[in-house]
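Everything on this sheet refers to the single structure shown next.
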Amino acid sequence: MATLLPPPKRQKVYHGIPEPEPEPPKVTPHVVVQFVSEEDGEPLAPSVNLPADVSREGLEVLVNKLHTKDDEPVPFQFTIALPQEDAAAGQPTQIVISKSIQEDVLRHPSQAFTPEDVFIVRCSPQAVFRVRPATRCSSTLSGHSSPILCASFSPTGNLLATGSGDCTARLWDLFTETPSHVLSGHKGWVLCVEWEAMERKLATGGHDGHVRLWDPKTGKPLGDALRGHSKWVTSLAWEPIHINPSAPRLASSSKDGTVRVWSTLTRLTEYTLGGHTASVNVVRWGGGGVDGKGVLYTASSDRTVRIWDANGGKLLHTLKDHAHWVTTLTLNTDFVLRTGPFDHTGKKPSTDAEARQWALDRYNKLVSTSGELMISGSDDHTLFLWSLFPSRTSSTEASAAAAERGGKLKPITRLTGHQRQVSHVAFSPDGRWAASAAFDNSVRLWDGKTGKFVATLRGHVAAVYRVTWSADSRLLVSASKDSTVKIWDLKSYKLKTDLPGHTDEVYCVDFVADKIVSGGRDRTVKIWKN
């Protein structure tokens with residue numbers, strides 16, 4: 001049988017109306033574009049003259065041809081900074097090119113650009129893998145009999161741990177999306193759960209002041225509780241794998257104003273950090289930059305952040321810039337430290353030495369440009385961005401800047417704009433952005449290197465409790481008192497997907513591979529995926 005061709009298209013008949021003039025093709029202006037690197041502002045290629053309607057993909061191909069040496073094309077994000085006087089108050093301070101220069105920049109409502117300008121396009125390389133945004137709830141897991149207070153993915157992303165007001169922690173298998181083990185032993189609410197970065201142990205801290213260690217494979221406790229705190233445990237942090245791969249130590253902070261560092265081998269307190277005069281709300285165990293041997297960061301209700309040498313507990317710095325309780329801390333290395341040797345490729349190290357090397361390579365790659373940066377967030381509605389170890393980077397600018405200030409520790413900048421207490425702050429895994437959530441119902445996005453304000457993400461109708469990033473730093477997720485989880489589009493700075501389904505406040509959210517997990521006051525764990 002011969003192939004049937006569709007009938008020819010009928011000509012449009014104009015009954016008694018003169019045929020309209022064919023529209024003249026619109027002339028696309030040509031513009032001069034200078035591509036510069038997001039990191040150091042160096043030009044990536046000489047200025048080029050392009051038609052303004054070259055698509056974003058076209059620009060990406062062009063930059064790869066002109067700049068990158070290797071054959072693998074790198075995905076880029078292109079942004080153009082809005083001039084200071086044109087950026088309206090509270091509006092984004094930069095334009096992300098998502099279609100073309102003509103669509104996004106020349107037709108931008110601020111009318112800040114004309115085809116005569118030289119466009120300085122900042123290019124930032126993106127992760128080569130891509131996380132798919134979740135769109136639906138794939139499982140609702142009940143089991144806890146009280147609100148779920150904390151949730152954390154294991155470094156490989158196979159398991160999830162949740163802690164609850166029913167005095168138990170639970171392990172969930174994320175492949176089958178089923179419950180795996182119940183960890184019972186605490187005599188009070190389980191306030192924090194933290195995975196060792198090799199996934200060999202899980203630590204939980206409770207309202208009873210005890211810290212407990214568990215074997216995630218069997219769900220059995222590893223010995224008895226670690227006792228010592230006189231009030232409840234507020235946060236836990238494991239020693240980074242690239243410093244101690246075989247038996248990392250554990251730090252716990254408490255409402256009693258102390259931080260205890262435990263040896264997991266002897267199960268004894270190695271030393272206690274006194275010095276804070278009120279509850280220590282957060283502890284983070286950082287590497288301390290290139291060649292760092294380990295540093296403890298603690299934030300407290302006495303309005304200070306203190307930095308300690310993790311080997312012996314000597315106080316290195318006290319940062320007294322906040323005017324109210326310091327409730328949240330984030331390091332630009334959080335994600336790398338938390339996942340240790342495991343990256344998106346899914347390879348497993350065979351020995352501790354290999355794990356240490358892989359973890360060290362990942363860590364150094366991140367801190368070699370800007371060092372280990374920290375952001376502290378407080379009930380005084382502001383955040384500060386700090387660079388505490390400027391000399392431990394491969395570039396010298398940061399240490400030169402510190403020398404100018406006479407070695408005095410000044411924050412790089414103060415991040416202002418929230419109108420209520422800041423509840424949570426988190427760096428993106430690549431360290432390029434930071435997101436802060438607050439009780440003013442908004443999430444704010446900041447530049448992770450300079451602390452400059454980027455955009456406000458509005459959409460929640462009640463306080464935002466937690467934010468978390470996808471591993472490729474392209475998606476941001478927030479959990480709120482308004483019972484929703486929201487995924488934000490970082491190209492338009494608008495809501496990408498709303499994930500309703502919880503029947504009450506959402507207290508915790510975490511993002512692994514392409515699954516989002518949330519838990520809250522309705523006592524259920526929900527798994528969302530594409």
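Labeling convention for the structure tokens: chains A, B, ... as they appear, residues from 1 per chain, ligands from 1 in order of appearance.
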Using only C-alpha atoms, determine which residues lie at most 8 Å from Val295 of chain A, disregarding the query and same-chain residues fewer than 5 positions distant; provide the list as a PDB file with N, CA, C and O atoms, in the first residue's frame.
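Okay, this is what ended up in out_8.pdb:
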```
ATOM      1  N   TRP A 285      31.467  20.572  62.472  1.00  0.00           N
ATOM      2  CA  TRP A 285      32.886  20.148  62.461  1.00  0.00           C
ATOM      3  C   TRP A 285      33.402  20.364  61.048  1.00  0.00           C
ATOM      4  O   TRP A 285      33.082  19.602  60.145  1.00  0.00           O
ATOM      5  N   GLY A 286      34.150  21.431  60.850  1.00  0.00           N
ATOM      6  CA  GLY A 286      34.661  21.746  59.517  1.00  0.00           C
ATOM      7  C   GLY A 286      36.093  21.282  59.360  1.00  0.00           C
ATOM      8  O   GLY A 286      36.739  20.858  60.323  1.00  0.00           O
ATOM      9  N   GLY A 287      36.584  21.372  58.143  1.00  0.00           N
ATOM     10  CA  GLY A 287      37.974  20.976  57.904  1.00  0.00           C
ATOM     11  C   GLY A 287      38.934  22.117  58.204  1.00  0.00           C
ATOM     12  O   GLY A 287      40.077  21.909  58.576  1.00  0.00           O
ATOM     13  N   GLY A 288      38.470  23.365  58.018  1.00  0.00           N
ATOM     14  CA  GLY A 288      39.342  24.513  58.270  1.00  0.00           C
ATOM     15  C   GLY A 288      40.146  24.919  57.053  1.00  0.00           C
ATOM     16  O   GLY A 288      41.216  25.508  57.174  1.00  0.00           O
ATOM     17  N   ILE A 307      34.966  29.619  67.528  1.00  0.00           N
ATOM     18  CA  ILE A 307      35.699  28.707  66.640  1.00  0.00           C
ATOM     19  C   ILE A 307      36.782  28.048  67.479  1.00  0.00           C
ATOM     20  O   ILE A 307      37.557  28.740  68.138  1.00  0.00           O
ATOM     21  N   TRP A 308      36.844  26.714  67.459  1.00  0.00           N
ATOM     22  CA  TRP A 308      37.783  25.969  68.316  1.00  0.00           C
ATOM     23  C   TRP A 308      38.661  25.071  67.457  1.00  0.00           C
ATOM     24  O   TRP A 308      38.225  24.562  66.432  1.00  0.00           O
ATOM     25  N   ASP A 309      39.873  24.852  67.922  1.00  0.00           N
ATOM     26  CA  ASP A 309      40.748  23.862  67.291  1.00  0.00           C
ATOM     27  C   ASP A 309      40.253  22.492  67.743  1.00  0.00           C
ATOM     28  O   ASP A 309      40.176  22.210  68.938  1.00  0.00           O
ATOM     29  N   ALA A 310      39.918  21.625  66.770  1.00  0.00           N
ATOM     30  CA  ALA A 310      39.300  20.340  67.140  1.00  0.00           C
ATOM     31  C   ALA A 310      40.293  19.395  67.808  1.00  0.00           C
ATOM     32  O   ALA A 310      39.902  18.405  68.399  1.00  0.00           O
TER      33      ALA A 310
END
```
Rows by chain and residue number, segment 127-192 of chain A within 9 Å of segment 331-339 of chain A, shortest pair, only C-alpha atoms, as a tab-separated table:
```
residue	atom	partner	partner_atom	distance
A:Ser154	CA	A:Thr339	CA	7.9
A:Pro155	CA	A:Thr339	CA	4.4
A:Thr156	CA	A:Thr339	CA	7.0
```
Using N, CA, C and O atoms, can you export the residues from the last selection as a PDB file, in the first residue's frame?
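The new file out_9.pdb reads:
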```
ATOM      1  N   SER A 154      21.269   9.303  54.617  1.00  0.00           N
ATOM      2  CA  SER A 154      22.612   8.748  54.760  1.00  0.00           C
ATOM      3  C   SER A 154      23.463   9.240  53.590  1.00  0.00           C
ATOM      4  O   SER A 154      22.931   9.638  52.558  1.00  0.00           O
ATOM      5  N   PRO A 155      24.801   9.234  53.752  1.00  0.00           N
ATOM      6  CA  PRO A 155      25.697   9.782  52.715  1.00  0.00           C
ATOM      7  C   PRO A 155      25.502   9.163  51.338  1.00  0.00           C
ATOM      8  O   PRO A 155      25.665   9.847  50.332  1.00  0.00           O
ATOM      9  N   THR A 156      25.162   7.873  51.261  1.00  0.00           N
ATOM     10  CA  THR A 156      24.989   7.270  49.938  1.00  0.00           C
ATOM     11  C   THR A 156      23.581   7.508  49.421  1.00  0.00           C
ATOM     12  O   THR A 156      23.292   7.257  48.258  1.00  0.00           O
TER      13      THR A 156
END
```
Task: Pro29 of chain A surroundings by only C-alpha atoms, 9 Å radius, close-in-sequence under 6 positions cut, as number ranges by chain - done: A: 50-53, 102, 115
Open item on the list: Applying 8 Å and only C-alpha atoms, which residues near Gly459 of chain A remain after dropping the ones on its own chain fewer than 3 positions away? List them as a ChimeraX atom specification.
Closed with: /A:441-442,495
- [ ] Identify all residues of segment 97-344 of chain A in strand (DSSP E or B) (DSSP on the backbone) and supply them as a ChimeraX atom specification.
- [x] /A:100,118-125,136-141,148-153,159-164,168-173,178-184,190-195,202-206,211-215,220-221,226,233-238,250-254,259-262,269-273,280-286,295-300,305-309,315-319,326-331
- [ ] Give me every alpha helix (DSSP H) residue in segment 2-192 of chain A, going by DSSP on the backbone, as a list in words.
- [x]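 Of segment 2-192 of chain A, only Arg56, Glu57, Gly58, Leu59, Glu60, Val61, Leu62, Val63, Asn64, Lys65, Leu66 and Ile101 of chain A fall in alpha helix (DSSP H).
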TODO: Could you tell me how far atom CA of His324 of chain A lies from atom CA of Leu388 of chain A, in Å and to one decimal?
DONE: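 According to the coordinates, atom CA of His324 of chain A and atom CA of Leu388 of chain A are separated by 21.1 Å.
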Could the residues of segment 123-146 of chain A that have an atom at most 7 Å from segment 166-183 of chain A be listed as CSV, each with its closest atom pair and the distance in Å to one decimal, counting only C-alpha atoms and ordered by chain and ascending residue number?
```
residue,atom,partner,partner_atom,distance
A:Ser139,CA,A:Glu177,CA,6.8
A:His144,CA,A:Asp166,CA,6.7
A:Ser145,CA,A:Asp166,CA,5.8
A:Ser146,CA,A:Asp166,CA,5.0
```
Task: Between atom CA of Val509 of chain A and atom CA of Ile487 of chain A, distance in Å (one decimal) - done: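 These atoms are spaced 11.4 Å apart.
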TODO: In Å, rounded to a single decimal, give me how far atom CA of Ser350 of chain A is from atom CA of Val128 of chain A.
DONE: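 Separation of atom CA of Val128 of chain A and atom CA of Ser350 of chain A: 25.1 Å.
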Open item on the list: Using only C-alpha atoms for the distances, tell me which of A:Gly312, A:Pro429, A:Gly294, A:Gly228 is nearest to Phe389 of chain A.
Closed with: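 Of the candidates, the smallest distance to Phe389 of chain A is held by A:Gly294.
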Open item on the list: Neighbouring residues of segment 212-227 of chain A were defined as those with any atom within 7 Å, considering only C-alpha atoms; residues of the same chain fewer than 3 positions away were excluded. Please report them as an MDAnalysis selection string.
Closed with: chainID A and resid 181:183 200:205 267
Open item on the list: Nearest residue to Ser473 of chain A out of A:Phe153, A:Phe129, A:Phe35, A:Tyr493, using only C-alpha atoms?
Closed with: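 Closest to Ser473 of chain A, using only C-alpha atoms: A:Phe129.
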Task: Residue neighbourhood Ala471 of chain A, 10 Å, only C-alpha atoms, exclusion window fewer than 5 positions, as a list in words - done: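 That gives Ala127, Phe129, Arg130, Val131, Phe335, Val336, Asp343, His344, Ser428, Pro429, Asp430, Leu476, Phe511, Val512, Ala513 and Asp514 of chain A.
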Task: Residues near segment 522-529 of chain A, cut-off 6 Å, only C-alpha atoms, skip fewer than 5 positions along chain, as a PyMOL selection string - done: chain A and resi 134-142+144+146-148+503-504+515-517
Next, the residues of the selection above should be written as a compact mmCIF listing (two decimals), in the first residue's frame with N, CA, C and O atoms.
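And here is the file that came out, part33.txt:
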```
# COMPACT_ATOMS: atom_id res chain seq x y z
N ALA A 134 11.07 16.99 41.81
CA ALA A 134 9.96 16.13 42.22
C ALA A 134 8.64 16.79 41.85
O ALA A 134 8.53 18.01 41.80
N THR A 135 7.64 15.96 41.55
CA THR A 135 6.35 16.51 41.18
C THR A 135 5.22 15.87 41.96
O THR A 135 4.11 16.37 41.97
N ARG A 136 5.46 14.72 42.62
CA ARG A 136 4.34 14.02 43.24
C ARG A 136 4.85 13.33 44.51
O ARG A 136 6.04 13.12 44.69
N CYS A 137 3.91 12.97 45.36
CA CYS A 137 4.25 12.22 46.56
C CYS A 137 4.19 10.74 46.22
O CYS A 137 3.15 10.25 45.83
N SER A 138 5.32 10.03 46.34
CA SER A 138 5.29 8.62 45.95
C SER A 138 5.00 7.71 47.14
O SER A 138 4.56 6.59 46.95
N SER A 139 5.29 8.14 48.37
CA SER A 139 4.97 7.31 49.53
C SER A 139 4.64 8.19 50.73
O SER A 139 5.27 9.23 50.91
N THR A 140 3.72 7.75 51.51
CA THR A 140 3.45 8.38 52.80
C THR A 140 3.64 7.30 53.85
O THR A 140 2.92 6.31 53.86
N LEU A 141 4.67 7.46 54.68
CA LEU A 141 5.04 6.39 55.61
C LEU A 141 4.67 6.79 57.03
O LEU A 141 5.18 7.77 57.55
N SER A 142 3.78 6.01 57.63
CA SER A 142 3.44 6.30 59.02
C SER A 142 4.20 5.33 59.90
O SER A 142 4.71 4.32 59.44
N HIS A 144 5.80 6.76 63.21
CA HIS A 144 6.03 7.57 64.40
C HIS A 144 4.69 7.93 65.03
O HIS A 144 3.72 8.20 64.32
N SER A 146 4.41 10.51 67.23
CA SER A 146 4.48 11.91 67.64
C SER A 146 5.09 12.69 66.48
O SER A 146 5.62 12.08 65.55
N PRO A 147 5.06 14.02 66.54
CA PRO A 147 5.65 14.80 65.43
C PRO A 147 7.09 14.41 65.13
O PRO A 147 7.85 14.05 66.04
N ILE A 148 7.43 14.47 63.86
CA ILE A 148 8.80 14.16 63.42
C ILE A 148 9.61 15.44 63.48
O ILE A 148 9.24 16.45 62.88
N THR A 503 -0.68 17.41 56.51
CA THR A 503 -1.89 18.02 57.08
C THR A 503 -1.56 18.98 58.20
O THR A 503 -2.44 19.53 58.83
N ASP A 504 -0.27 19.17 58.50
CA ASP A 504 0.12 20.12 59.54
C ASP A 504 1.52 20.62 59.24
O ASP A 504 2.10 20.27 58.21
N LYS A 515 15.05 12.41 45.19
CA LYS A 515 13.92 12.29 46.11
C LYS A 515 14.00 13.38 47.17
O LYS A 515 15.07 13.72 47.65
N ILE A 516 12.83 13.89 47.52
CA ILE A 516 12.73 14.83 48.63
C ILE A 516 11.97 14.12 49.73
O ILE A 516 10.98 13.44 49.47
N VAL A 517 12.45 14.25 50.96
CA VAL A 517 11.75 13.64 52.07
C VAL A 517 11.37 14.72 53.07
O VAL A 517 12.18 15.59 53.36
```
Task: From A:Glu39, A:Glu23, A:Asp302, A:Glu60, residue lying nearest Thr369 of chain A [only C-alpha atoms] - done: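 Among the listed residues, the smallest separation from Thr369 of chain A belongs to A:Glu39.
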